[in-house]
file protein17.cif (mmCIF, C-alpha atoms)
data_protein
loop_
_atom_site.group_PDB
_atom_site.id
_atom_site.type_symbol
_atom_site.label_atom_id
_atom_site.label_comp_id
_atom_site.auth_asym_id
_atom_site.auth_seq_id
_atom_site.Cartn_x
_atom_site.Cartn_y
_atom_site.Cartn_z
ATOM 1 C CA MET A 1 88.534 120.183 132.443
ATOM 2 C CA ILE A 2 86.085 117.382 133.102
ATOM 3 C CA GLY A 3 87.416 113.937 132.272
ATOM 4 C CA VAL A 4 91.062 114.994 132.181
ATOM 5 C CA ASP A 5 93.507 113.803 134.806
ATOM 6 C CA LEU A 6 96.438 116.206 134.903
ATOM 7 C CA ASN A 7 98.206 113.823 137.284
ATOM 8 C CA ASP A 8 98.464 111.391 134.370
ATOM 9 C CA PRO A 9 101.799 112.118 132.660
ATOM 10 C CA LEU A 10 100.409 111.364 129.180
ATOM 11 C CA ASN A 11 97.475 113.750 129.622
ATOM 12 C CA LYS A 12 99.727 116.425 131.078
ATOM 13 C CA ALA A 13 102.344 116.119 128.323
ATOM 14 C CA PHE A 14 99.653 116.362 125.656
ATOM 15 C CA LEU A 15 97.924 119.366 127.193
ATOM 16 C CA ASP A 16 101.247 121.125 127.839
ATOM 17 C CA ASN A 17 102.065 120.901 124.110
ATOM 18 C CA PRO A 18 100.449 123.871 122.318
ATOM 19 C CA GLU A 19 100.938 122.243 118.898
ATOM 20 C CA LYS A 20 99.000 119.119 119.944
ATOM 21 C CA VAL A 21 96.220 121.156 121.528
ATOM 22 C CA ALA A 22 95.972 123.291 118.365
ATOM 23 C CA GLN A 23 95.599 120.142 116.262
ATOM 24 C CA VAL A 24 92.641 119.020 118.387
ATOM 25 C CA GLU A 25 91.066 122.461 118.308
ATOM 26 C CA ASN A 26 91.377 122.707 114.508
ATOM 27 C CA THR A 27 90.349 119.319 113.198
ATOM 28 C CA LEU A 28 89.103 118.714 109.685
ATOM 29 C CA ARG A 29 85.466 117.949 108.942
ATOM 30 C CA PRO A 30 84.889 114.407 107.644
ATOM 31 C CA GLU A 31 84.157 115.620 104.106
ATOM 32 C CA GLN A 32 87.624 117.220 104.063
ATOM 33 C CA ILE A 33 89.367 113.902 104.716
ATOM 34 C CA ASN A 34 91.071 111.986 101.932
ATOM 35 C CA PRO A 35 91.212 108.417 103.313
ATOM 36 C CA ALA A 36 94.120 107.579 100.996
ATOM 37 C CA GLU A 37 96.274 109.784 103.238
ATOM 38 C CA TYR A 38 95.541 107.735 106.372
ATOM 39 C CA ASN A 39 96.446 104.279 107.652
ATOM 40 C CA ALA A 40 93.974 104.166 110.535
ATOM 41 C CA ILE A 41 90.783 105.582 111.960
ATOM 42 C CA PHE A 42 89.767 105.478 115.606
ATOM 43 C CA TYR A 43 86.243 105.898 116.960
ATOM 44 C CA ALA A 44 86.316 107.203 120.535
ATOM 45 C CA GLY A 45 83.417 106.355 122.810
ATOM 46 C CA GLY A 46 80.876 108.235 124.836
ATOM 47 C CA HIS A 47 77.117 107.897 124.774
ATOM 48 C CA GLY A 48 76.759 110.736 122.247
ATOM 49 C CA THR A 49 78.358 108.557 119.590
ATOM 50 C CA MET A 50 75.255 106.389 119.606
ATOM 51 C CA TRP A 51 73.424 109.259 117.898
ATOM 52 C CA ASP A 52 76.340 110.899 116.074
ATOM 53 C CA PHE A 53 78.251 107.986 114.548
ATOM 54 C CA ALA A 54 75.869 105.195 113.575
ATOM 55 C CA ASP A 55 74.359 106.887 110.521
ATOM 56 C CA ASN A 56 77.224 109.213 109.603
ATOM 57 C CA ALA A 57 77.857 108.405 105.943
ATOM 58 C CA GLU A 58 81.047 110.485 105.753
ATOM 59 C CA LEU A 59 82.686 108.693 108.680
ATOM 60 C CA ALA A 60 81.605 105.355 107.192
ATOM 61 C CA ARG A 61 83.129 106.359 103.834
ATOM 62 C CA ILE A 62 86.455 107.140 105.503
ATOM 63 C CA ALA A 63 86.547 103.943 107.571
ATOM 64 C CA THR A 64 85.555 101.755 104.633
ATOM 65 C CA ALA A 65 88.256 103.224 102.418
ATOM 66 C CA ILE A 66 90.941 102.953 105.089
ATOM 67 C CA TYR A 67 90.041 99.352 105.874
ATOM 68 C CA GLU A 68 89.836 98.312 102.225
ATOM 69 C CA GLN A 69 93.233 99.859 101.468
ATOM 70 C CA GLY A 70 94.768 97.693 104.205
ATOM 71 C CA GLY A 71 94.479 100.117 107.102
ATOM 72 C CA VAL A 72 93.369 99.667 110.684
ATOM 73 C CA VAL A 73 89.963 100.526 112.148
ATOM 74 C CA GLY A 74 89.721 100.909 115.899
ATOM 75 C CA ALA A 75 86.934 101.739 118.306
ATOM 76 C CA VAL A 76 86.340 101.695 122.022
ATOM 77 C CA CYS A 77 83.213 101.616 124.169
ATOM 78 C CA HIS A 78 80.260 103.328 122.434
ATOM 79 C CA GLY A 79 82.575 104.329 119.580
ATOM 80 C CA LEU A 80 81.633 101.016 117.993
ATOM 81 C CA ALA A 81 78.316 102.681 117.129
ATOM 82 C CA GLY A 82 80.277 104.076 114.183
ATOM 83 C CA LEU A 83 80.856 100.553 112.906
ATOM 84 C CA VAL A 84 77.339 99.104 113.034
ATOM 85 C CA ASN A 85 76.250 100.373 109.609
ATOM 86 C CA ILE A 86 79.547 100.263 107.728
ATOM 87 C CA LYS A 87 79.342 98.051 104.677
ATOM 88 C CA LEU A 88 82.401 97.081 102.677
ATOM 89 C CA SER A 89 82.427 97.148 98.889
ATOM 90 C CA ASN A 90 81.429 93.452 98.858
ATOM 91 C CA GLY A 91 78.161 94.403 100.603
ATOM 92 C CA GLN A 92 79.120 92.768 103.920
ATOM 93 C CA TYR A 93 79.042 94.660 107.187
ATOM 94 C CA LEU A 94 82.550 95.436 108.418
ATOM 95 C CA VAL A 95 81.755 93.665 111.697
ATOM 96 C CA ALA A 96 80.209 90.568 110.072
ATOM 97 C CA ASP A 97 82.081 87.393 110.952
ATOM 98 C CA ARG A 98 84.421 89.352 113.234
ATOM 99 C CA ILE A 99 84.996 89.069 116.949
ATOM 100 C CA VAL A 100 84.549 92.418 118.677
ATOM 101 C CA SER A 101 84.271 93.906 122.139
ATOM 102 C CA SER A 102 81.988 96.841 122.906
ATOM 103 C CA PHE A 103 80.035 98.433 125.714
ATOM 104 C CA THR A 104 77.812 95.552 126.748
ATOM 105 C CA ASN A 105 74.090 95.326 127.322
ATOM 106 C CA GLU A 106 74.865 94.587 130.984
ATOM 107 C CA GLU A 107 77.006 97.712 131.305
ATOM 108 C CA GLU A 108 74.250 99.797 129.691
ATOM 109 C CA ALA A 109 71.802 98.425 132.252
ATOM 110 C CA ALA A 110 74.273 99.119 135.067
ATOM 111 C CA VAL A 111 74.434 102.807 134.101
ATOM 112 C CA GLY A 112 70.644 102.939 133.716
ATOM 113 C CA LEU A 113 70.540 103.994 130.062
ATOM 114 C CA THR A 114 69.023 101.020 128.220
ATOM 115 C CA GLU A 115 65.834 103.016 127.634
ATOM 116 C CA VAL A 116 67.721 106.176 126.619
ATOM 117 C CA VAL A 117 70.128 105.005 123.912
ATOM 118 C CA PRO A 118 68.669 104.546 120.413
ATOM 119 C CA PHE A 119 69.792 100.894 120.358
ATOM 120 C CA LEU A 120 71.754 98.456 122.486
ATOM 121 C CA LEU A 121 75.197 98.380 120.952
ATOM 122 C CA GLU A 122 76.030 94.765 121.778
ATOM 123 C CA SER A 123 72.715 93.583 120.345
ATOM 124 C CA LYS A 124 73.143 95.629 117.155
ATOM 125 C CA LEU A 125 76.652 94.254 116.587
ATOM 126 C CA ILE A 126 75.350 90.699 116.962
ATOM 127 C CA GLU A 127 72.512 91.535 114.550
ATOM 128 C CA ARG A 128 75.166 92.661 112.038
ATOM 129 C CA GLY A 129 76.959 89.309 112.292
ATOM 130 C CA ALA A 130 79.628 90.035 114.888
ATOM 131 C CA THR A 131 80.566 87.808 117.795
ATOM 132 C CA VAL A 132 80.884 89.894 120.954
ATOM 133 C CA GLU A 133 83.456 88.887 123.561
ATOM 134 C CA LYS A 134 83.165 90.560 126.922
ATOM 135 C CA ALA A 135 84.791 90.917 130.290
ATOM 136 C CA PRO A 136 82.914 91.535 133.544
ATOM 137 C CA ASN A 137 81.291 94.972 133.717
ATOM 138 C CA PHE A 138 83.708 97.880 133.400
ATOM 139 C CA GLN A 139 86.798 95.656 133.132
ATOM 140 C CA ALA A 140 89.213 96.016 130.220
ATOM 141 C CA LYS A 141 88.691 93.826 127.163
ATOM 142 C CA VAL A 142 90.436 94.344 123.815
ATOM 143 C CA VAL A 143 89.864 92.211 120.741
ATOM 144 C CA VAL A 144 91.818 92.207 117.480
ATOM 145 C CA SER A 145 90.036 90.652 114.519
ATOM 146 C CA ASP A 146 92.160 91.049 111.392
ATOM 147 C CA ARG A 147 92.683 94.840 111.210
ATOM 148 C CA LEU A 148 89.698 95.699 113.394
ATOM 149 C CA VAL A 149 90.634 96.578 116.983
ATOM 150 C CA THR A 150 87.853 97.030 119.515
ATOM 151 C CA GLY A 151 87.571 97.635 123.239
ATOM 152 C CA GLN A 152 84.709 97.134 125.652
ATOM 153 C CA ASN A 153 84.759 100.329 127.713
ATOM 154 C CA PRO A 154 86.985 103.235 128.823
ATOM 155 C CA ALA A 155 89.239 100.813 130.730
ATOM 156 C CA SER A 156 90.079 99.295 127.331
ATOM 157 C CA ALA A 157 91.145 102.520 125.603
ATOM 158 C CA MET A 158 94.882 102.227 126.200
ATOM 159 C CA GLY A 159 94.889 98.588 125.093
ATOM 160 C CA VAL A 160 93.065 99.464 121.872
ATOM 161 C CA ALA A 161 95.601 102.204 121.147
ATOM 162 C CA GLN A 162 98.524 99.866 121.829
ATOM 163 C CA ARG A 163 97.159 97.146 119.565
ATOM 164 C CA MET A 164 96.438 99.640 116.787
ATOM 165 C CA VAL A 165 100.001 100.952 117.006
ATOM 166 C CA GLU A 166 101.322 97.376 116.847
ATOM 167 C CA LEU A 167 99.271 96.635 113.729
ATOM 168 C CA LEU A 168 100.374 99.879 112.109
ATOM 169 C CA ALA A 169 104.013 99.105 112.889
ATOM 170 C CA GLN A 170 103.627 95.667 111.301
ATOM 171 C CA SER A 171 102.116 97.133 108.151
ATOM 172 C CA THR A 172 104.830 99.813 108.000
ATOM 173 C CA SER A 173 107.575 97.187 108.267
ATOM 174 C CA VAL A 174 105.947 95.186 105.469
ATOM 175 C CA VAL A 175 105.737 98.293 103.287
ATOM 176 C CA SER A 176 109.295 99.305 104.175
ATOM 177 C CA SER A 177 110.708 95.883 103.366
ATOM 178 C CA THR A 178 108.796 95.848 100.083
ATOM 179 C CA VAL A 179 110.069 99.283 99.121
ATOM 180 C CA SER A 180 113.686 98.483 99.973
ATOM 181 C CA ALA A 181 113.702 95.149 98.168
#
call {"tool": "encode", "arguments": {"input": "protein17.cif", "output": "structure tokens"}}
result
Amino acid sequence: MIGVDLNDPLNKAFLDNPEKVAQVENTLRPEQINPAEYNAIFYAGGHGTMWDFADNAELARIATAIYEQGGVVGAVCHGLAGLVNIKLSNGQYLVADRIVSSFTNEEEAAVGLTEVVPFLLESKLIERGATVEKAPNFQAKVVVSDRLVTGQNPASAMGVAQRMVELLAQSTSVVSSTVSA
């Protein structure tokens, strides 16, 4: 498989688990998702997301609902393309007045795709009111802004996942303490 390192114990453990592989191979379509059943949504990266995520109304519906019910929204690299057009019920863009990290204009130039992608992600996020924090090209950078967790590039993926899990654990402990009180 391209892009899979079987020497990585996490990758190997996942791929050696038939139940986990079956879950990936049999995912629901966005219109089948009830956001009330979820506490988080994660947008993975890859250049294809620039075309697939930005105008996907169903994915935006899910993310908006999860965020507005107190959940966590995470994205890494080009996955942030899924966030650029999300508007909350108050009419504001999800990324407005937030600090984020995404694949940068400089990284896009370094891979030679500035004239290929439909828009420059960093520029679009700034246009939507976000402040973009960045590390040097292809170095890890993770930013948490309220319940929005973003990462600059593939090197940031693990950090985004860790921060999302931390936020989810915090919200679970708050819910648990409320329920037990």
call {"tool": "closest_residue", "arguments": {"input": "protein17.cif", "among": "A:Gly82, A:Pro136, A:Gly74, A:Pro30", "to": "Arg163 in chain A", "atoms": "all atoms listed in the file"}}
result
A:Gly74
call {"tool": "residues_around", "arguments": {"input": "protein17.cif", "residues": "Thr104 in chain A", "least_positions_apart": "3", "cutoff": "7 Å", "atoms": "all atoms listed in the file", "output": "MDAnalysis selection string"}}
result
chainID A and resid 107:108 121:122
call {"tool": "closest_residue", "arguments": {"input": "protein17.cif", "among": "A:Lys12, A:Arg98, A:Lys134, A:Arg128", "to": "Val84 in chain A", "atoms": "all atoms listed in the file"}}
result
A:Arg128
call {"tool": "resolve_selection", "arguments": {"input": "protein17.cif", "expression": "the PyMOL selection byres ((chain A and resi 157) around 9)", "output": "MDAnalysis selection string"}}
result
chainID A and resid 44 75:77 140 142 150:156 158:162
call {"tool": "closest_residue", "arguments": {"input": "protein17.cif", "among": "A:Val95, A:Val117, A:Leu80, A:Leu148", "to": "His47 in chain A", "atoms": "only C-alpha atoms"}}
result
A:Val117
call {"tool": "resolve_selection", "arguments": {"input": "protein17.cif", "expression": "the PyMOL selection byres ((chain A and resi 99) around 6)", "output": "PyMOL selection string"}}
result
chain A and resi 98+100+130-132+145
call {"tool": "closest_residue", "arguments": {"input": "protein17.cif", "among": "A:Gly112, A:Gly71, A:Gly129, A:Pro9", "to": "Ala40 in chain A", "atoms": "only C-alpha atoms"}}
result
A:Gly71
